[in-house]
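J.: Just dropping this structure here.
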2 protein chains.
Amino acid sequence: MNTQGIAILGSTGSIGCNTMSVIESFDDGRFRVVALAAGRNVVRLAEQVERHRPELVAVEDEASAEGLRAELERRGVGAPRVAVGEAGLVEVATHESARTVVSATVGVVGFVPTLRALEAGKRVALANKETLVIAGELMTKAAASSGAELLPVDSEHNALHQCLRGERREEVRRLILTASGGPFREKSLSAMAAATVEEAMRHPTWSMGAKVTIDSATLMNKGLEVIEARWLFGFGADEIGIVVHPESVVHSMIELVDGSVIAQLGVTDMRHAIQYALTYPERHASAALPPLDLAKLGALRFEAPDEKRFPCLRLAYRALRAGGTLPAAMNAANEEAVKAFIDGHIRLTDIPLVIEGVMDQHETRPVSSLDVVLEVDRLARAAAAIRIRLLSEGTKAVA
Amino acid sequence: MNTQGIAILGSTGSIGCNTMSVIESFDDGRFRVVALAAGRNVVRLAEQVERHRPELVAVEDEASAEGLRAELERRGVGAPRVAVGEAGLVEVATHESARTVVSATVGVVGFVPTLRALEAGKRVALANKETLVIAGELMTKAAASSGAELLPVDSEHNALHQCLRGERREEVRRLILTASGGPFREKSLSAMAAATVEEAMRHPTWSMGAKVTIDSATLMNKGLEVIEARWLFGFGADEIGIVVHPESVVHSMIELVDGSVIAQLGVTDMRHAIQYALTYPERHASAALPPLDLAKLGALRFEAPDEKRFPCLRLAYRALRAGGTLPAAMNAANEEAVKAFIDGHIRLTDIPLVIEGVMDQHETRPVSSLDVVLEVDRLARAAAAIRIRLLSEGTKAVA
């Protein structure tokens, strides 16, 4: 057995910590953490460095680098090489000892490093869905030309990857993504308009970071996943469906041309998908991963999604159908709108308004290069900021 | 595309008619019915002969052969060669134009012809579960030495076959068979003791023949399926579980070593599994097969099986663990007990008593030959008959 070098982008976040937990559950030397990139949580990062002694770490800025060095000194741990900013992320993503890169930063920041990892032929375990949403074409092309494998860590796409094993593409009619429905599944539009950040953060089944939890409350998370699925598996907008499933036990399904449906089920623990991606094509037993007890669960419910209360779904399908740079514009507007909601500037129901406004004024172009994508991202954020300011003033006037 | 010659054992029964329906839904000449075997339903058989013009048919006895000829003459249809009895079944099962044999007779009568089909290297689409229960070892050995494929038509095993595609045997922890729970899922033992044949025939989700419907009411059907799964897929008694799932939408599941569960779902229509077996390894779209609408279904329930009210489950696991001829003895006793219940001689709850009595007195031997199996079958039926007579007199005494 060869040791597999692992680099983690976003090591102190939710997926990053779960990845650490999976790696630590194998005591056979199968995995070795060679490089870590985090933002500013230098205390947790120092702890990870102490346990795994990577060759390289990256942090967001010089101040964090100083903080990390100080924290390591306090612990009596020799500091590895510390890189900074996007360049640091790229260094981690392309580190020569890394066979697999876990891409788990949140939002657009993971985009360039993930692309570089694919270009370098690394196996990428992808938890950062925005990466495929904004530039799926560039990503999949890079993977194809370097021969890099792209393995999804998102539980839904990981489930689809498992369901598609042993099936032929032309015999699969469609993908069916499940959605928990979020905390507002049974709430009225007016209740959603009045929702606090705290209410929106109460995800019924998964424990995740703030951005993805708010995306789950608006169902934009599912919209992004539909676009992600398009690039991972090569299905069109009409071949990707969504069903609301509050228990999040069925992680997703495929429907075959003969009407048969194959589903992947499991407990709601991200370590399952992470381990699957790290050990693929093998599967390994793990005492850390609890088995599923269906009889204990009792019932699994399914219902159609409501595009009226969750317009983000409609917007995501619109972006997917239009293609080109529209998904990137949509994603940037969403990131800004979510931040503005968390910061108390706009209402939850304003998020789709911000996004739709930005999409309406966006002139869609082909995703011809990295620069095009980054420019669209920048412009869409600026356009979103204007709309957020207007809505924010409106909200204050009402309040 | 080569035309695939199909022979059907039990063509006028539930599975047989559904097989006809699947074949007729393909108008591209992919399938051709070359041989049919039925019991005594000569009117339906004549109709099938008129539509498909097979080269050979087989019926139960000379009287039925006469009846079939008369019926064909009435219709102005030239009679094909008509064979009779078990020799006729074997002739159909080994017919040289048949590439695939659908084994859909009920009970032990399908045993020898199915074995002969496997020995002749035919692909066998197996709906007759008793065949594997009583002599799984002989069957799988015959298939292995001739290179014949054995494809399950039972919806549960067909589901397992689909789930296992793309997975490695050593990475599968266990099989999980779903059971509808039958009409007495929520009934008390005393209600089951008083159950009429009519009540027992009311299967909640599947429309099937009488024997298998009664087996579903006692859950012996699931017990037989556990043994069937053992031979089809090579899993031991401790690696095959059962979960009660009243909606019968999840047809069965596998649990992988990493805790992931893969399930196959579909509408409750046997044509799905039959088509899968006939077209394997391909899948084909079919307008005749309705897709699954989970949102419309609402909820899928799961619960643990109750061995106290359904002792047949315990008996089947006991037979599987003991191995050898015990499953054959159990199966024979069950067939006789079910017949006695349908004929009004014993109560539903007497069925496991008959079986357990026969099993207790059976001396288990290895399944070394066909003759051993047939002798065990004969002796177990005789032993069952004695117990049935005693119970029947008891029932009458009480009544």
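Simple scheme: letters A, B, ... for chains in structure tokens order, numbers from 1 for residues in each chain, numbers from 1 for ligands in the order shown.
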Excluding region 275-283 of chain A and its own-chain neighbours fewer than 6 positions away, which residues fall within 7 Å of it when counting only C-alpha atoms? Please give them as a PyMOL selection string.
T.: (chain A and resi 22+125+151-153) or (chain B and resi 171+257-258)
J.: May I have the selected residues written with N, CA, C and O atoms, as a PDB file, in the first residue's frame?
T.:
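Okay, result-v3.pdb is ready:
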ATOM      1  N   VAL A  22     -11.484  11.769   9.280  1.00  0.00           N
ATOM      2  CA  VAL A  22     -11.429  10.554   8.456  1.00  0.00           C
ATOM      3  C   VAL A  22      -9.994  10.048   8.374  1.00  0.00           C
ATOM      4  O   VAL A  22      -9.722   8.859   8.588  1.00  0.00           O
ATOM      5  N   ALA A 125     -10.803  16.042  -4.537  1.00  0.00           N
ATOM      6  CA  ALA A 125     -12.029  15.728  -3.804  1.00  0.00           C
ATOM      7  C   ALA A 125     -12.714  17.070  -3.578  1.00  0.00           C
ATOM      8  O   ALA A 125     -12.271  17.885  -2.785  1.00  0.00           O
ATOM      9  N   LEU A 151     -13.598  14.049  -7.842  1.00  0.00           N
ATOM     10  CA  LEU A 151     -14.518  13.240  -7.044  1.00  0.00           C
ATOM     11  C   LEU A 151     -15.330  14.140  -6.124  1.00  0.00           C
ATOM     12  O   LEU A 151     -14.770  14.911  -5.345  1.00  0.00           O
ATOM     13  N   PRO A 152     -16.658  14.067  -6.208  1.00  0.00           N
ATOM     14  CA  PRO A 152     -17.494  14.976  -5.423  1.00  0.00           C
ATOM     15  C   PRO A 152     -17.596  14.589  -3.950  1.00  0.00           C
ATOM     16  O   PRO A 152     -17.762  13.420  -3.618  1.00  0.00           O
ATOM     17  N   VAL A 153     -17.500  15.591  -3.088  1.00  0.00           N
ATOM     18  CA  VAL A 153     -17.630  15.369  -1.649  1.00  0.00           C
ATOM     19  C   VAL A 153     -18.994  15.843  -1.140  1.00  0.00           C
ATOM     20  O   VAL A 153     -19.474  15.404  -0.109  1.00  0.00           O
TER      21      VAL A 153
ATOM     22  N   GLU B 171     -16.477  -5.700  -0.665  1.00  0.00           N
ATOM     23  CA  GLU B 171     -16.798  -4.380  -0.124  1.00  0.00           C
ATOM     24  C   GLU B 171     -18.282  -4.255   0.237  1.00  0.00           C
ATOM     25  O   GLU B 171     -18.746  -3.184   0.618  1.00  0.00           O
ATOM     26  N   VAL B 257     -19.282  -1.805   3.097  1.00  0.00           N
ATOM     27  CA  VAL B 257     -18.454  -1.823   4.307  1.00  0.00           C
ATOM     28  C   VAL B 257     -18.244  -0.430   4.887  1.00  0.00           C
ATOM     29  O   VAL B 257     -18.010  -0.275   6.082  1.00  0.00           O
ATOM     30  N   ASP B 258     -18.349   0.607   4.051  1.00  0.00           N
ATOM     31  CA  ASP B 258     -18.145   1.967   4.564  1.00  0.00           C
ATOM     32  C   ASP B 258     -19.441   2.574   5.109  1.00  0.00           C
ATOM     33  O   ASP B 258     -19.488   3.768   5.415  1.00  0.00           O
TER      34      ASP B 258
END
J.: Neighbours of region 32-35 of chain A within 7 Å (only C-alpha atoms; same-chain residues fewer than 5 positions away dropped), as a short mmCIF file (atom, residue, chain, number, x, y, z; two decimals) with N, CA, C and O atoms, in the first residue's frame?
T.:
data_model
loop_
_atom_site.label_atom_id
_atom_site.label_comp_id
_atom_site.auth_asym_id
_atom_site.auth_seq_id
_atom_site.Cartn_x
_atom_site.Cartn_y
_atom_site.Cartn_z
N THR A 3 1.48 5.23 0.53
CA THR A 3 0.89 6.31 1.31
C THR A 3 0.38 7.38 0.34
O THR A 3 1.05 7.72 -0.62
N GLN A 4 -0.82 7.86 0.61
CA GLN A 4 -1.41 8.89 -0.24
C GLN A 4 -1.24 10.25 0.44
O GLN A 4 -1.75 10.47 1.52
N GLY A 5 -0.49 11.15 -0.21
CA GLY A 5 -0.32 12.50 0.32
C GLY A 5 -1.58 13.32 0.09
O GLY A 5 -2.14 13.31 -0.99
N ILE A 6 -2.04 14.00 1.15
CA ILE A 6 -3.28 14.76 1.06
C ILE A 6 -3.00 16.24 1.34
O ILE A 6 -2.35 16.58 2.34
N ALA A 7 -3.51 17.10 0.47
CA ALA A 7 -3.51 18.54 0.73
C ALA A 7 -4.95 18.98 0.95
O ALA A 7 -5.86 18.47 0.28
N ILE A 8 -5.16 19.88 1.91
CA ILE A 8 -6.53 20.31 2.20
C ILE A 8 -6.63 21.83 2.08
O ILE A 8 -5.91 22.57 2.77
N HIS A 52 -0.25 16.68 12.61
CA HIS A 52 0.08 16.04 11.33
C HIS A 52 1.40 16.44 10.71
O HIS A 52 1.84 15.82 9.75
N PRO A 54 2.54 18.84 8.58
CA PRO A 54 2.59 18.98 7.12
C PRO A 54 3.86 19.71 6.70
O PRO A 54 4.50 20.38 7.52
N GLU A 55 4.20 19.59 5.42
CA GLU A 55 5.40 20.25 4.90
C GLU A 55 5.14 21.72 4.62
O GLU A 55 6.07 22.53 4.56
N LEU A 56 3.87 22.05 4.40
CA LEU A 56 3.51 23.40 3.97
C LEU A 56 2.14 23.77 4.52
O LEU A 56 1.23 22.95 4.57
N VAL A 57 2.04 25.05 4.97
CA VAL A 57 0.70 25.56 5.30
C VAL A 57 0.53 26.91 4.62
O VAL A 57 1.50 27.59 4.30
N VAL A 92 -0.34 25.17 -1.97
CA VAL A 92 -0.87 23.99 -1.28
C VAL A 92 -1.55 23.05 -2.28
O VAL A 92 -1.37 21.83 -2.25
N SER A 97 4.07 16.65 -3.05
CA SER A 97 3.82 15.41 -2.31
C SER A 97 2.33 15.05 -2.25
O SER A 97 1.97 14.01 -1.72
N ALA A 98 1.49 15.95 -2.74
CA ALA A 98 0.05 15.69 -2.65
C ALA A 98 -0.44 14.90 -3.84
O ALA A 98 -0.26 15.31 -4.98
#
J.: Would you write out, as JSON lines, a table of all residues in chain A that have an atom no more than 8 Å from an atom of chain B, listing for each the closest atom pair and the distance in Å to one decimal, considering only C-alpha atoms and ordering rows by chain and rising residue number?
T.:
{"residue": "A:Cys163", "atom": "CA", "partner": "B:Ile262", "partner_atom": "CA", "distance": 7.2}
{"residue": "A:Arg165", "atom": "CA", "partner": "B:Gly166", "partner_atom": "CA", "distance": 5.0}
{"residue": "A:Gly166", "atom": "CA", "partner": "B:Gly166", "partner_atom": "CA", "distance": 4.0}
{"residue": "A:Glu167", "atom": "CA", "partner": "B:Arg165", "partner_atom": "CA", "distance": 7.6}
{"residue": "A:Glu171", "atom": "CA", "partner": "B:Arg283", "partner_atom": "CA", "distance": 6.1}
{"residue": "A:Val243", "atom": "CA", "partner": "B:Ala295", "partner_atom": "CA", "distance": 6.8}
{"residue": "A:Val244", "atom": "CA", "partner": "B:Ala295", "partner_atom": "CA", "distance": 7.8}
{"residue": "A:Leu256", "atom": "CA", "partner": "B:Arg283", "partner_atom": "CA", "distance": 7.7}
{"residue": "A:Val257", "atom": "CA", "partner": "B:Ala285", "partner_atom": "CA", "distance": 4.6}
{"residue": "A:Asp258", "atom": "CA", "partner": "B:Ala285", "partner_atom": "CA", "distance": 4.6}
{"residue": "A:Gly259", "atom": "CA", "partner": "B:Pro291", "partner_atom": "CA", "distance": 4.9}
{"residue": "A:Ser260", "atom": "CA", "partner": "B:Gly266", "partner_atom": "CA", "distance": 5.4}
{"residue": "A:Val261", "atom": "CA", "partner": "B:Leu265", "partner_atom": "CA", "distance": 4.9}
{"residue": "A:Ile262", "atom": "CA", "partner": "B:Gln264", "partner_atom": "CA", "distance": 4.6}
{"residue": "A:Ala263", "atom": "CA", "partner": "B:Ala263", "partner_atom": "CA", "distance": 5.1}
{"residue": "A:Gln264", "atom": "CA", "partner": "B:Ile262", "partner_atom": "CA", "distance": 4.6}
{"residue": "A:Leu265", "atom": "CA", "partner": "B:Val261", "partner_atom": "CA", "distance": 4.9}
{"residue": "A:Gly266", "atom": "CA", "partner": "B:Ser260", "partner_atom": "CA", "distance": 5.4}
{"residue": "A:His272", "atom": "CA", "partner": "B:Asp258", "partner_atom": "CA", "distance": 7.3}
{"residue": "A:Tyr276", "atom": "CA", "partner": "B:Asp258", "partner_atom": "CA", "distance": 7.9}
{"residue": "A:Glu282", "atom": "CA", "partner": "B:Glu171", "partner_atom": "CA", "distance": 7.9}
{"residue": "A:Arg283", "atom": "CA", "partner": "B:Asp258", "partner_atom": "CA", "distance": 5.9}
{"residue": "A:His284", "atom": "CA", "partner": "B:Asp258", "partner_atom": "CA", "distance": 5.2}
{"residue": "A:Ala285", "atom": "CA", "partner": "B:Asp258", "partner_atom": "CA", "distance": 4.6}
{"residue": "A:Ser286", "atom": "CA", "partner": "B:Asp258", "partner_atom": "CA", "distance": 6.0}
{"residue": "A:Leu289", "atom": "CA", "partner": "B:Gly259", "partner_atom": "CA", "distance": 6.6}
{"residue": "A:Pro290", "atom": "CA", "partner": "B:Gly259", "partner_atom": "CA", "distance": 6.7}
{"residue": "A:Pro291", "atom": "CA", "partner": "B:Gly259", "partner_atom": "CA", "distance": 4.9}
{"residue": "A:Leu292", "atom": "CA", "partner": "B:Gly259", "partner_atom": "CA", "distance": 7.0}
{"residue": "A:Leu294", "atom": "CA", "partner": "B:Phe302", "partner_atom": "CA", "distance": 5.9}
{"residue": "A:Ala295", "atom": "CA", "partner": "B:Glu303", "partner_atom": "CA", "distance": 4.0}
{"residue": "A:Lys296", "atom": "CA", "partner": "B:Glu303", "partner_atom": "CA", "distance": 7.0}
{"residue": "A:Leu297", "atom": "CA", "partner": "B:Phe302", "partner_atom": "CA", "distance": 7.3}
{"residue": "A:Gly298", "atom": "CA", "partner": "B:Phe302", "partner_atom": "CA", "distance": 5.1}
{"residue": "A:Ala299", "atom": "CA", "partner": "B:Arg301", "partner_atom": "CA", "distance": 4.1}
{"residue": "A:Leu300", "atom": "CA", "partner": "B:Leu300", "partner_atom": "CA", "distance": 5.0}
{"residue": "A:Arg301", "atom": "CA", "partner": "B:Ala299", "partner_atom": "CA", "distance": 4.1}
{"residue": "A:Phe302", "atom": "CA", "partner": "B:Ala295", "partner_atom": "CA", "distance": 4.8}
{"residue": "A:Glu303", "atom": "CA", "partner": "B:Ala295", "partner_atom": "CA", "distance": 4.0}
{"residue": "A:Ala304", "atom": "CA", "partner": "B:Ala295", "partner_atom": "CA", "distance": 5.3}
J.: For Arg44 (chain B), find every residue with an atom within 10 Å (counting only C-alpha atoms), except residues of its own chain fewer than 2 positions away, and show them as a PyMOL selection string.
T.: chain B and resi 11-13+17+38+40-42+46-50+68+71
J.: Next, dump the selected residues to file, keeping only all heavy atoms, as a short mmCIF file (atom, residue, chain, number, x, y, z; two decimals), in the first residue's frame.
T.:
data_model
loop_
_atom_site.label_atom_id
_atom_site.label_comp_id
_atom_site.auth_asym_id
_atom_site.auth_seq_id
_atom_site.Cartn_x
_atom_site.Cartn_y
_atom_site.Cartn_z
N SER B 11 -46.16 -20.24 -18.46
CA SER B 11 -46.48 -19.07 -19.29
C SER B 11 -47.86 -18.47 -18.99
O SER B 11 -48.11 -17.31 -19.30
CB SER B 11 -46.39 -19.41 -20.78
OG SER B 11 -47.45 -20.27 -21.15
N THR B 12 -48.77 -19.25 -18.40
CA THR B 12 -50.12 -18.73 -18.16
C THR B 12 -50.29 -18.17 -16.75
O THR B 12 -51.35 -17.65 -16.42
CB THR B 12 -51.19 -19.81 -18.41
OG1 THR B 12 -50.90 -20.92 -17.54
CG2 THR B 12 -51.18 -20.28 -19.85
N GLY B 13 -49.24 -18.25 -15.94
CA GLY B 13 -49.32 -17.69 -14.59
C GLY B 13 -49.05 -16.19 -14.59
O GLY B 13 -48.93 -15.56 -15.65
N CYS B 17 -47.55 -14.30 -17.84
CA CYS B 17 -48.33 -13.31 -18.59
C CYS B 17 -47.61 -11.96 -18.63
O CYS B 17 -47.62 -11.27 -19.65
CB CYS B 17 -49.72 -13.15 -17.98
SG CYS B 17 -50.73 -14.62 -18.24
N ALA B 38 -47.15 -24.71 -19.75
CA ALA B 38 -48.18 -24.25 -18.83
C ALA B 38 -48.77 -25.48 -18.13
O ALA B 38 -48.38 -26.62 -18.42
CB ALA B 38 -49.26 -23.48 -19.57
N ARG B 40 -52.71 -26.31 -16.84
CA ARG B 40 -53.97 -26.78 -17.44
C ARG B 40 -54.81 -25.66 -18.03
O ARG B 40 -55.92 -25.92 -18.51
CB ARG B 40 -54.82 -27.48 -16.38
CG ARG B 40 -54.14 -28.71 -15.81
CD ARG B 40 -55.01 -29.34 -14.75
NE ARG B 40 -54.31 -30.47 -14.13
CZ ARG B 40 -54.79 -31.16 -13.10
NH1 ARG B 40 -55.97 -30.84 -12.58
NH2 ARG B 40 -54.10 -32.16 -12.59
N ASN B 41 -54.31 -24.43 -17.98
CA ASN B 41 -55.10 -23.31 -18.51
C ASN B 41 -54.93 -23.25 -20.03
O ASN B 41 -54.22 -22.41 -20.57
CB ASN B 41 -54.62 -22.01 -17.84
CG ASN B 41 -55.52 -20.83 -18.18
OD1 ASN B 41 -56.30 -20.89 -19.14
ND2 ASN B 41 -55.40 -19.77 -17.42
N VAL B 42 -55.62 -24.19 -20.71
CA VAL B 42 -55.39 -24.34 -22.15
C VAL B 42 -55.96 -23.18 -22.96
O VAL B 42 -55.50 -22.91 -24.06
CB VAL B 42 -55.94 -25.69 -22.68
CG1 VAL B 42 -55.16 -26.83 -22.04
CG2 VAL B 42 -57.43 -25.82 -22.44
N ALA B 46 -53.64 -21.31 -25.48
CA ALA B 46 -53.98 -21.28 -26.91
C ALA B 46 -53.88 -19.85 -27.44
O ALA B 46 -53.40 -19.62 -28.55
CB ALA B 46 -55.39 -21.83 -27.12
N GLU B 47 -54.33 -18.92 -26.64
CA GLU B 47 -54.27 -17.51 -27.01
C GLU B 47 -52.80 -17.09 -27.22
O GLU B 47 -52.46 -16.40 -28.18
CB GLU B 47 -54.88 -16.72 -25.85
CG GLU B 47 -55.33 -15.33 -26.10
CD GLU B 47 -55.80 -14.76 -24.77
OE1 GLU B 47 -56.90 -15.16 -24.30
OE2 GLU B 47 -55.04 -13.97 -24.19
N GLN B 48 -51.94 -17.53 -26.29
CA GLN B 48 -50.51 -17.20 -26.40
C GLN B 48 -49.90 -17.86 -27.64
O GLN B 48 -49.08 -17.25 -28.34
CB GLN B 48 -49.76 -17.65 -25.13
CG GLN B 48 -50.18 -16.87 -23.89
CD GLN B 48 -49.54 -17.39 -22.60
OE1 GLN B 48 -49.08 -18.54 -22.54
NE2 GLN B 48 -49.49 -16.53 -21.59
N VAL B 49 -50.33 -19.10 -27.92
CA VAL B 49 -49.82 -19.81 -29.10
C VAL B 49 -50.26 -19.07 -30.36
O VAL B 49 -49.48 -18.87 -31.30
CB VAL B 49 -50.33 -21.27 -29.12
CG1 VAL B 49 -50.04 -21.93 -30.47
CG2 VAL B 49 -49.68 -22.07 -27.99
N GLU B 50 -51.51 -18.61 -30.35
CA GLU B 50 -52.03 -17.90 -31.53
C GLU B 50 -51.22 -16.62 -31.79
O GLU B 50 -50.90 -16.31 -32.93
CB GLU B 50 -53.51 -17.55 -31.30
CG GLU B 50 -54.12 -16.86 -32.51
CD GLU B 50 -55.65 -16.75 -32.42
OE1 GLU B 50 -56.20 -17.11 -31.35
OE2 GLU B 50 -56.26 -16.30 -33.39
N LEU B 68 -55.94 -28.43 -25.41
CA LEU B 68 -55.22 -27.38 -26.13
C LEU B 68 -55.41 -27.54 -27.64
O LEU B 68 -55.70 -26.58 -28.34
CB LEU B 68 -53.73 -27.43 -25.78
CG LEU B 68 -52.86 -26.43 -26.55
CD1 LEU B 68 -53.19 -24.99 -26.16
CD2 LEU B 68 -51.37 -26.70 -26.33
N GLU B 71 -58.83 -26.42 -28.60
CA GLU B 71 -58.96 -24.97 -28.52
C GLU B 71 -58.27 -24.29 -29.72
O GLU B 71 -58.77 -23.32 -30.28
CB GLU B 71 -58.36 -24.47 -27.20
CG GLU B 71 -58.43 -22.98 -26.95
CD GLU B 71 -59.85 -22.43 -26.85
OE1 GLU B 71 -60.78 -23.21 -26.48
OE2 GLU B 71 -60.04 -21.23 -27.16
#
J.: Go through A:Gly10, A:Thr196, A:Glu73, A:Ile355 and flag the residue nearest Thr114 (chain A), using only C-alpha atoms for the distances.
T.: A:Gly10
J.: From a DSSP pass on the backbone, collect the residues of region 49-232 of chain B flagged as helix (DSSP H, G or I) and hand them back as a PyMOL selection string.
T.: chain B and resi 49-52+62-75+85-93+107-119+129-146+155-164+169-171+189-193+197-200+210-218+220-232
J.: Mind listing the strand (DSSP E) residues of region 217-261 of chain B, per DSSP on the backbone, as a list in words?
T.: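 For region 217-261 of chain B, the strand (DSSP E) set is Ile240, Gly241, Ile242, Val243, Val244, Val250, His251, Ser252, Met253, Ile254, Glu255, Leu256 and Val261 of chain B.
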J.: Create the file for the chosen residues now, containing N, CA, C and O atoms and written as a JSON list (two decimals), in the first residue's frame.
T.:
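What follows is the written file selection.json:
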[["chain", "number", "residue", "atom", "x", "y", "z"],
["B", 240, "ILE", "N", -27.39, -11.32, 5.62],
["B", 240, "ILE", "CA", -28.64, -11.02, 4.91],
["B", 240, "ILE", "C", -29.67, -10.58, 5.94],
["B", 240, "ILE", "O", -30.04, -11.35, 6.82],
["B", 241, "GLY", "N", -30.10, -9.35, 5.87],
["B", 241, "GLY", "CA", -31.08, -8.82, 6.79],
["B", 241, "GLY", "C", -32.42, -8.57, 6.12],
["B", 241, "GLY", "O", -32.54, -8.65, 4.90],
["B", 242, "ILE", "N", -33.42, -8.31, 6.95],
["B", 242, "ILE", "CA", -34.77, -8.03, 6.45],
["B", 242, "ILE", "C", -35.27, -6.77, 7.13],
["B", 242, "ILE", "O", -35.10, -6.59, 8.34],
["B", 243, "VAL", "N", -35.88, -5.86, 6.36],
["B", 243, "VAL", "CA", -36.56, -4.72, 6.96],
["B", 243, "VAL", "C", -37.96, -4.66, 6.36],
["B", 243, "VAL", "O", -38.15, -4.89, 5.16],
["B", 244, "VAL", "N", -38.95, -4.45, 7.21],
["B", 244, "VAL", "CA", -40.33, -4.35, 6.74],
["B", 244, "VAL", "C", -40.55, -2.95, 6.17],
["B", 244, "VAL", "O", -40.15, -1.95, 6.79],
["B", 250, "VAL", "N", -39.05, 0.57, -2.20],
["B", 250, "VAL", "CA", -37.64, 0.16, -2.14],
["B", 250, "VAL", "C", -37.66, -1.36, -2.25],
["B", 250, "VAL", "O", -38.14, -2.05, -1.35],
["B", 251, "HIS", "N", -37.16, -1.89, -3.36],
["B", 251, "HIS", "CA", -37.30, -3.33, -3.58],
["B", 251, "HIS", "C", -36.26, -4.15, -2.85],
["B", 251, "HIS", "O", -36.48, -5.32, -2.58],
["B", 252, "SER", "N", -35.16, -3.56, -2.55],
["B", 252, "SER", "CA", -34.13, -4.12, -1.66],
["B", 252, "SER", "C", -32.91, -3.22, -1.67],
["B", 252, "SER", "O", -32.86, -2.26, -2.42],
["B", 253, "MET", "N", -31.95, -3.53, -0.80],
["B", 253, "MET", "CA", -30.78, -2.66, -0.61],
["B", 253, "MET", "C", -29.54, -3.49, -0.34],
["B", 253, "MET", "O", -29.63, -4.65, 0.07],
["B", 254, "ILE", "N", -28.40, -2.85, -0.51],
["B", 254, "ILE", "CA", -27.15, -3.44, -0.04],
["B", 254, "ILE", "C", -26.46, -2.43, 0.87],
["B", 254, "ILE", "O", -26.60, -1.22, 0.68],
["B", 255, "GLU", "N", -25.77, -2.93, 1.89],
["B", 255, "GLU", "CA", -24.98, -2.05, 2.74],
["B", 255, "GLU", "C", -23.51, -2.34, 2.47],
["B", 255, "GLU", "O", -23.08, -3.49, 2.52],
["B", 256, "LEU", "N", -22.77, -1.29, 2.16],
["B", 256, "LEU", "CA", -21.35, -1.44, 1.87],
["B", 256, "LEU", "C", -20.54, -1.39, 3.16],
["B", 256, "LEU", "O", -21.04, -0.93, 4.19],
["B", 261, "VAL", "N", -25.40, 2.87, 1.86],
["B", 261, "VAL", "CA", -26.46, 1.94, 1.46],
["B", 261, "VAL", "C", -26.92, 2.29, 0.05],
["B", 261, "VAL", "O", -27.18, 3.46, -0.25]]
J.: Given the choices B:Leu9, B:Leu224, B:Leu150, B:Ala316, which gets closest to Leu118 (chain B) if the distance is worked out from only C-alpha atoms?
T.: B:Leu150
J.: Restricting the calculation to only C-alpha atoms, which member of A:Val354, A:Met1, A:Ile134, A:Leu177 is positioned closest to Arg30 (chain A)?
T.: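 Closest to Arg30 (chain A), using only C-alpha atoms: A:Met1.
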J.: May I have the residues within 10 Å of Ala210 (chain B) as a VMD selection string, using only C-alpha atoms and disregarding those fewer than 2 positions away in the same chain?
T.: chain B and resid 14 106 197 200 to 201 207 to 208 212 to 216 338 to 339 342
J.: For CA of Gly344 (chain B) and CA of Leu313 (chain B), quote the distance in Å rounded to one decimal.
T.: 23.2 Å
J.: Smallest atom-to-atom distance to Ala195 (chain B): which of B:Glu119, B:Glu307, B:Asp269, B:Asp350, using only C-alpha atoms?
T.: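 Among the listed residues, the smallest separation from Ala195 (chain B) belongs to B:Asp350.
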J.: Between CA of Thr140 (chain B) and CA of Arg230 (chain B), what distance in Å does the model show, to one decimal?
T.: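 Atom-to-atom, CA of Thr140 (chain B) to CA of Arg230 (chain B), that is 10.8 Å.
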J.: Determine, counting only C-alpha atoms, which protein, DNA and RNA residues have an atom within 8 Å of an atom of Phe341 (chain B); residues of the same chain fewer than 5 positions away are not included. Present the result as a count of residues only.
T.: 5
J.: Just checking: using only C-alpha atoms, which residue out of B:His203, B:Ala127, B:Glu149, B:Arg314 ends up closest to Thr268 (chain B)?
T.: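 Going through B:His203, B:Ala127, B:Glu149, B:Arg314 one by one, the smallest distance to Thr268 (chain B) is for B:His203.
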J.: Mind pulling up the distance from CA of Ala70 (chain A) to CA of Val84 (chain A)?
T.: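 Going from CA of Val84 (chain A) over to CA of Ala70 (chain A) covers 15.7 Å.
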J.: Quick one: residues within 10 Å of Ala117 (chain A), only C-alpha atoms, excluding same-chain residues fewer than 2 positions away - as a VMD selection string?
T.: chain A and resid 90 to 95 98 to 103 112 to 115 119 to 124 139 142 to 143 146 148
